[in-house]
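J.: Below are the structure tokens for one structure; questions will follow.
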Amino acid sequence: MGETEVTDRTEANRAALTGAFAALEHGDPSQFLPLFAQDITWRVMGTSAWSKQASGLANVERELIGPLFAKFTGPYRNIPELVLADGDHVVVLARGDAQTRDGRTYANQYCFVFRMAEGQIVEVREFMDTKLADAVLGAG
């Protein structure tokens with residue numbers, strides 16, 4: 001693979017995730033959905049109640065996304081602070097901003113490592129303050 005092809009792929013992957021986070025910054029998760037591959041694997045790193053791995057889009061939605069969004073009232077915002085890309089990998093530093101159903105603020109800090117294939121997210125490694133997630137969100 002030539003240097004131009006890697007650069008083009010890097011920039012396309014960076015643009016896709018930058019756009020998805022730009023929408024999520026305003027509480028709109030709809031730009032992420034088309035990026036998820038059917039065989040996506042999402043790992044929340046750590047040892048908390050929220051730390052787990054889900055494989056396959058249906059499982060990611062049922063085991064991770066659904067339980068998370070069920071904790072919130074109103075929009076969930078995730079504000080990107082830094083987006084780095086290299087070939088099929090995109091790393092995003094971001095901070096969350098949401099209100100829980102019991103009136104608490106959930107403002108976690110994240111480092112997402114995305115692996116892309118043919119314009120879709122096939123793997124996510126999510127690093128966050130798991131102690132904060134357990135304290136504010138309870139069991140995952």
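Simple scheme: letters A, B, ... for chains in structure tokens order, numbers from 1 for residues in each chain, numbers from 1 for ligands in the order shown.
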Which polymer residues have any atom within 6 Å of an atom of region 88-103 of chain A, counting only C-alpha atoms, with same-chain residues fewer than 5 positions away left out, as JSON, numbers by chain?

T.: {"A": [71, 72, 73, 76, 77, 78, 79, 80, 81, 82, 83, 108, 109, 110, 111, 112, 113, 114, 115, 116]}

J.: How would the residues just chosen look if you wrote them out with N, CA and C atoms as an mmCIF file, in the first residue's frame?

T.:
data_model
loop_
_atom_site.group_PDB
_atom_site.id
_atom_site.type_symbol
_atom_site.label_atom_id
_atom_site.label_comp_id
_atom_site.auth_asym_id
_atom_site.auth_seq_id
_atom_site.Cartn_x
_atom_site.Cartn_y
_atom_site.Cartn_z
ATOM 1 N N LYS A 71 -29.676 5.342 31.770
ATOM 2 C CA LYS A 71 -29.337 6.066 33.001
ATOM 3 C C LYS A 71 -29.551 7.574 32.879
ATOM 4 N N PHE A 72 -29.687 8.075 31.647
ATOM 5 C CA PHE A 72 -29.704 9.517 31.424
ATOM 6 C C PHE A 72 -31.093 10.053 31.141
ATOM 7 N N THR A 73 -31.269 11.295 31.531
ATOM 8 C CA THR A 73 -32.450 12.039 31.132
ATOM 9 C C THR A 73 -31.948 13.159 30.223
ATOM 10 N N TYR A 76 -27.151 12.953 25.867
ATOM 11 C CA TYR A 76 -25.803 12.615 26.307
ATOM 12 C C TYR A 76 -24.849 13.315 25.358
ATOM 13 N N ARG A 77 -23.999 14.142 25.916
ATOM 14 C CA ARG A 77 -23.017 14.859 25.099
ATOM 15 C C ARG A 77 -21.636 14.284 25.379
ATOM 16 N N ASN A 78 -20.824 14.201 24.348
ATOM 17 C CA ASN A 78 -19.435 13.795 24.484
ATOM 18 C C ASN A 78 -18.617 14.745 23.627
ATOM 19 N N ILE A 79 -17.834 15.584 24.292
ATOM 20 C CA ILE A 79 -17.137 16.689 23.635
ATOM 21 C C ILE A 79 -15.698 16.285 23.326
ATOM 22 N N PRO A 80 -15.328 16.244 22.044
ATOM 23 C CA PRO A 80 -13.960 15.848 21.689
ATOM 24 C C PRO A 80 -12.969 16.964 22.022
ATOM 25 N N GLU A 81 -11.824 16.555 22.534
ATOM 26 C CA GLU A 81 -10.754 17.497 22.833
ATOM 27 C C GLU A 81 -9.557 17.303 21.914
ATOM 28 N N LEU A 82 -9.370 16.064 21.434
ATOM 29 C CA LEU A 82 -8.241 15.751 20.569
ATOM 30 C C LEU A 82 -8.606 14.546 19.727
ATOM 31 N N VAL A 83 -8.314 14.616 18.435
ATOM 32 C CA VAL A 83 -8.533 13.491 17.529
ATOM 33 C C VAL A 83 -7.219 13.232 16.791
ATOM 34 N N ASN A 108 -17.631 12.268 32.710
ATOM 35 C CA ASN A 108 -16.449 11.421 32.694
ATOM 36 C C ASN A 108 -15.455 11.922 31.652
ATOM 37 N N GLN A 109 -14.224 11.491 31.783
ATOM 38 C CA GLN A 109 -13.158 11.744 30.815
ATOM 39 C C GLN A 109 -12.881 10.430 30.091
ATOM 40 N N TYR A 110 -12.672 10.502 28.775
ATOM 41 C CA TYR A 110 -12.517 9.302 27.964
ATOM 42 C C TYR A 110 -11.301 9.352 27.056
ATOM 43 N N CYS A 111 -10.781 8.183 26.780
ATOM 44 C CA CYS A 111 -9.862 7.983 25.675
ATOM 45 C C CYS A 111 -10.415 6.795 24.903
ATOM 46 N N PHE A 112 -10.866 7.041 23.691
ATOM 47 C CA PHE A 112 -11.384 5.997 22.813
ATOM 48 C C PHE A 112 -10.320 5.663 21.776
ATOM 49 N N VAL A 113 -10.063 4.388 21.586
ATOM 50 C CA VAL A 113 -9.185 3.939 20.516
ATOM 51 C C VAL A 113 -10.061 3.154 19.547
ATOM 52 N N PHE A 114 -10.280 3.719 18.384
ATOM 53 C CA PHE A 114 -11.124 3.116 17.359
ATOM 54 C C PHE A 114 -10.241 2.445 16.311
ATOM 55 N N ARG A 115 -10.659 1.271 15.853
ATOM 56 C CA ARG A 115 -10.037 0.651 14.684
ATOM 57 C C ARG A 115 -11.103 0.597 13.596
ATOM 58 N N MET A 116 -10.752 1.116 12.454
ATOM 59 C CA MET A 116 -11.671 1.214 11.329
ATOM 60 C C MET A 116 -11.300 0.189 10.257
#

J.: Write out as a tab-separated table a residue-level contact list of region 41-106 of chain A versus region 33-37 of chain A with cut-off 9 Å: for each qualifying residue the closest pair of atoms and the distance in Å to one decimal, counting only C-alpha atoms, rows sorted by chain and residue number upward.

T.:
residue	atom	partner	partner_atom	distance
A:Thr41	CA	A:Ala37	CA	8.9
A:Gly56	CA	A:Ala37	CA	8.1
A:Leu57	CA	A:Ala37	CA	6.9

J.: Write out, as a PDB file, in the first residue's frame, the residues just selected, with C-alpha atoms.

T.:
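File written: selection11.pdb
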ATOM      1  CA  THR A  41     -16.254  -5.357  19.239  1.00  0.00           C
ATOM      2  CA  GLY A  56     -21.609  -7.808  17.371  1.00  0.00           C
ATOM      3  CA  LEU A  57     -23.725  -4.710  16.868  1.00  0.00           C
TER       4      LEU A  57
END

J.: Just give me the gap between CA of Gly119 (chain A) and CA of Thr18 (chain A) in Å, one decimal is fine.

T.: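 Atom-to-atom, CA of Gly119 (chain A) and CA of Thr18 (chain A) are spaced 12.9 Å apart.
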
J.: Excluding region 49-53 of chain A and any residue of its chain fewer than 4 positions from it, enumerate the residues within 6 Å of it, using only C-alpha atoms, and give them as a list in words.

T.: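 That gives Trp42, Arg43, Val44, Met45, Ala139 and Gly140 of chain A.
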
J.: Let me make sure I understand: among A:Glu5, A:Val136, A:Phe32, A:Tyr106, which one has the smallest atom-to-atom distance to Ile65 (chain A) if we use only C-alpha atoms?

T.: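 That would be A:Phe32, the residue with the smallest distance to Ile65 (chain A).
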
J.: Quick one: pull the distance between CA of Asp134 (chain A) and CA of Ser48 (chain A), Å, one decimal.

T.: 6.6 Å

J.: Taking the backbone alone, and naming residues the way the document does, which bits of region 6-135 of chain A are alpha helix (DSSP H) by DSSP, as a PyMOL selection string?

T.: chain A and resi 6-24+57-60+66-70+130-135

J.: For the residues in that selection, give me N, CA, C and O atoms as a compact mmCIF listing (two decimals), in the first residue's frame.

T.:
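Result went into part.txt, see below:
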# COMPACT_ATOMS: atom_id res chain seq x y z
N VAL A 6 -2.42 5.36 2.39
CA VAL A 6 -2.48 5.38 3.86
C VAL A 6 -2.92 6.77 4.33
O VAL A 6 -3.76 6.88 5.22
N THR A 7 -2.38 7.80 3.72
CA THR A 7 -2.76 9.17 4.09
C THR A 7 -4.23 9.41 3.81
O THR A 7 -4.94 9.98 4.65
N ASP A 8 -4.71 8.98 2.67
CA ASP A 8 -6.13 9.15 2.33
C ASP A 8 -7.02 8.40 3.31
O ASP A 8 -8.04 8.92 3.77
N ARG A 9 -6.65 7.16 3.65
CA ARG A 9 -7.43 6.37 4.60
C ARG A 9 -7.40 7.02 5.98
O ARG A 9 -8.43 7.11 6.66
N THR A 10 -6.24 7.48 6.39
CA THR A 10 -6.11 8.16 7.68
C THR A 10 -7.05 9.36 7.74
O THR A 10 -7.79 9.52 8.71
N GLU A 11 -7.03 10.18 6.72
CA GLU A 11 -7.85 11.40 6.72
C GLU A 11 -9.34 11.08 6.63
O GLU A 11 -10.15 11.76 7.24
N ALA A 12 -9.70 10.06 5.88
CA ALA A 12 -11.11 9.66 5.80
C ALA A 12 -11.60 9.16 7.16
O ALA A 12 -12.71 9.51 7.60
N ASN A 13 -10.79 8.37 7.85
CA ASN A 13 -11.17 7.86 9.17
C ASN A 13 -11.25 9.00 10.18
O ASN A 13 -12.18 9.06 10.99
N ARG A 14 -10.28 9.92 10.13
CA ARG A 14 -10.30 11.07 11.03
C ARG A 14 -11.56 11.90 10.78
O ARG A 14 -12.26 12.29 11.72
N ALA A 15 -11.89 12.14 9.53
CA ALA A 15 -13.07 12.95 9.19
C ALA A 15 -14.36 12.28 9.66
O ALA A 15 -15.26 12.95 10.18
N ALA A 16 -14.47 10.97 9.50
CA ALA A 16 -15.68 10.26 9.91
C ALA A 16 -15.91 10.39 11.42
O ALA A 16 -17.02 10.71 11.86
N LEU A 17 -14.87 10.18 12.20
CA LEU A 17 -15.03 10.25 13.66
C LEU A 17 -15.12 11.68 14.15
O LEU A 17 -15.85 11.96 15.11
N THR A 18 -14.44 12.60 13.50
CA THR A 18 -14.57 14.01 13.87
C THR A 18 -16.01 14.47 13.66
O THR A 18 -16.59 15.15 14.51
N GLY A 19 -16.61 14.07 12.54
CA GLY A 19 -18.01 14.42 12.27
C GLY A 19 -18.97 13.79 13.26
O GLY A 19 -19.91 14.44 13.73
N ALA A 20 -18.74 12.53 13.61
CA ALA A 20 -19.61 11.85 14.56
C ALA A 20 -19.52 12.51 15.94
O ALA A 20 -20.55 12.73 16.59
N PHE A 21 -18.33 12.86 16.37
CA PHE A 21 -18.18 13.53 17.67
C PHE A 21 -18.70 14.96 17.63
O PHE A 21 -19.20 15.45 18.64
N ALA A 22 -18.60 15.63 16.49
CA ALA A 22 -19.16 16.98 16.38
C ALA A 22 -20.66 16.96 16.64
O ALA A 22 -21.21 17.84 17.31
N ALA A 23 -21.35 15.94 16.13
CA ALA A 23 -22.79 15.80 16.38
C ALA A 23 -23.05 15.40 17.83
O ALA A 23 -23.95 15.94 18.49
N LEU A 24 -22.24 14.48 18.36
CA LEU A 24 -22.43 14.02 19.73
C LEU A 24 -22.16 15.14 20.74
O LEU A 24 -22.74 15.17 21.82
N LEU A 57 -22.98 -5.96 16.68
CA LEU A 57 -23.73 -4.71 16.87
C LEU A 57 -24.91 -4.87 17.81
O LEU A 57 -25.12 -4.04 18.69
N ALA A 58 -25.68 -5.93 17.66
CA ALA A 58 -26.85 -6.12 18.53
C ALA A 58 -26.43 -6.23 20.00
O ALA A 58 -27.08 -5.68 20.88
N ASN A 59 -25.34 -6.93 20.27
CA ASN A 59 -24.86 -7.08 21.64
C ASN A 59 -24.30 -5.77 22.18
O ASN A 59 -24.50 -5.45 23.35
N VAL A 60 -23.60 -5.01 21.35
CA VAL A 60 -23.09 -3.70 21.77
C VAL A 60 -24.26 -2.80 22.17
O VAL A 60 -24.23 -2.14 23.21
N GLY A 66 -27.46 0.57 25.35
CA GLY A 66 -28.79 0.62 25.96
C GLY A 66 -28.76 0.89 27.46
O GLY A 66 -29.41 1.83 27.93
N PRO A 67 -28.00 0.09 28.24
CA PRO A 67 -27.94 0.34 29.68
C PRO A 67 -27.38 1.72 30.04
O PRO A 67 -27.84 2.35 30.99
N LEU A 68 -26.41 2.20 29.25
CA LEU A 68 -25.84 3.52 29.52
C LEU A 68 -26.88 4.61 29.30
O LEU A 68 -27.14 5.44 30.19
N PHE A 69 -27.50 4.62 28.14
CA PHE A 69 -28.46 5.68 27.81
C PHE A 69 -29.71 5.61 28.68
O PHE A 69 -30.37 6.62 28.90
N ALA A 70 -30.01 4.43 29.23
CA ALA A 70 -31.16 4.30 30.14
C ALA A 70 -30.92 5.05 31.44
O ALA A 70 -31.88 5.37 32.15
N THR A 130 -13.45 4.59 35.67
CA THR A 130 -14.46 3.58 36.00
C THR A 130 -14.98 3.75 37.42
O THR A 130 -16.13 3.40 37.69
N LYS A 131 -14.18 4.29 38.31
CA LYS A 131 -14.65 4.55 39.67
C LYS A 131 -15.78 5.58 39.64
O LYS A 131 -16.79 5.45 40.34
N LEU A 132 -15.63 6.61 38.82
CA LEU A 132 -16.68 7.61 38.67
C LEU A 132 -17.93 6.99 38.06
O LEU A 132 -19.04 7.26 38.51
N ALA A 133 -17.77 6.15 37.05
CA ALA A 133 -18.92 5.49 36.42
C ALA A 133 -19.69 4.68 37.45
O ALA A 133 -20.93 4.76 37.53
N ASP A 134 -18.99 3.89 38.25
CA ASP A 134 -19.66 3.10 39.29
C ASP A 134 -20.38 4.00 40.31
O ASP A 134 -21.49 3.72 40.70
N ALA A 135 -19.70 5.08 40.72
CA ALA A 135 -20.26 5.96 41.76
C ALA A 135 -21.51 6.69 41.28
O ALA A 135 -22.49 6.81 42.02

J.: Which distance in Å separates CA of Gln31 (chain A) and CA of Gly138 (chain A), to one decimal?

T.: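 Value for the CA of Gln31 (chain A)-CA of Gly138 (chain A) distance: 27.6 Å.
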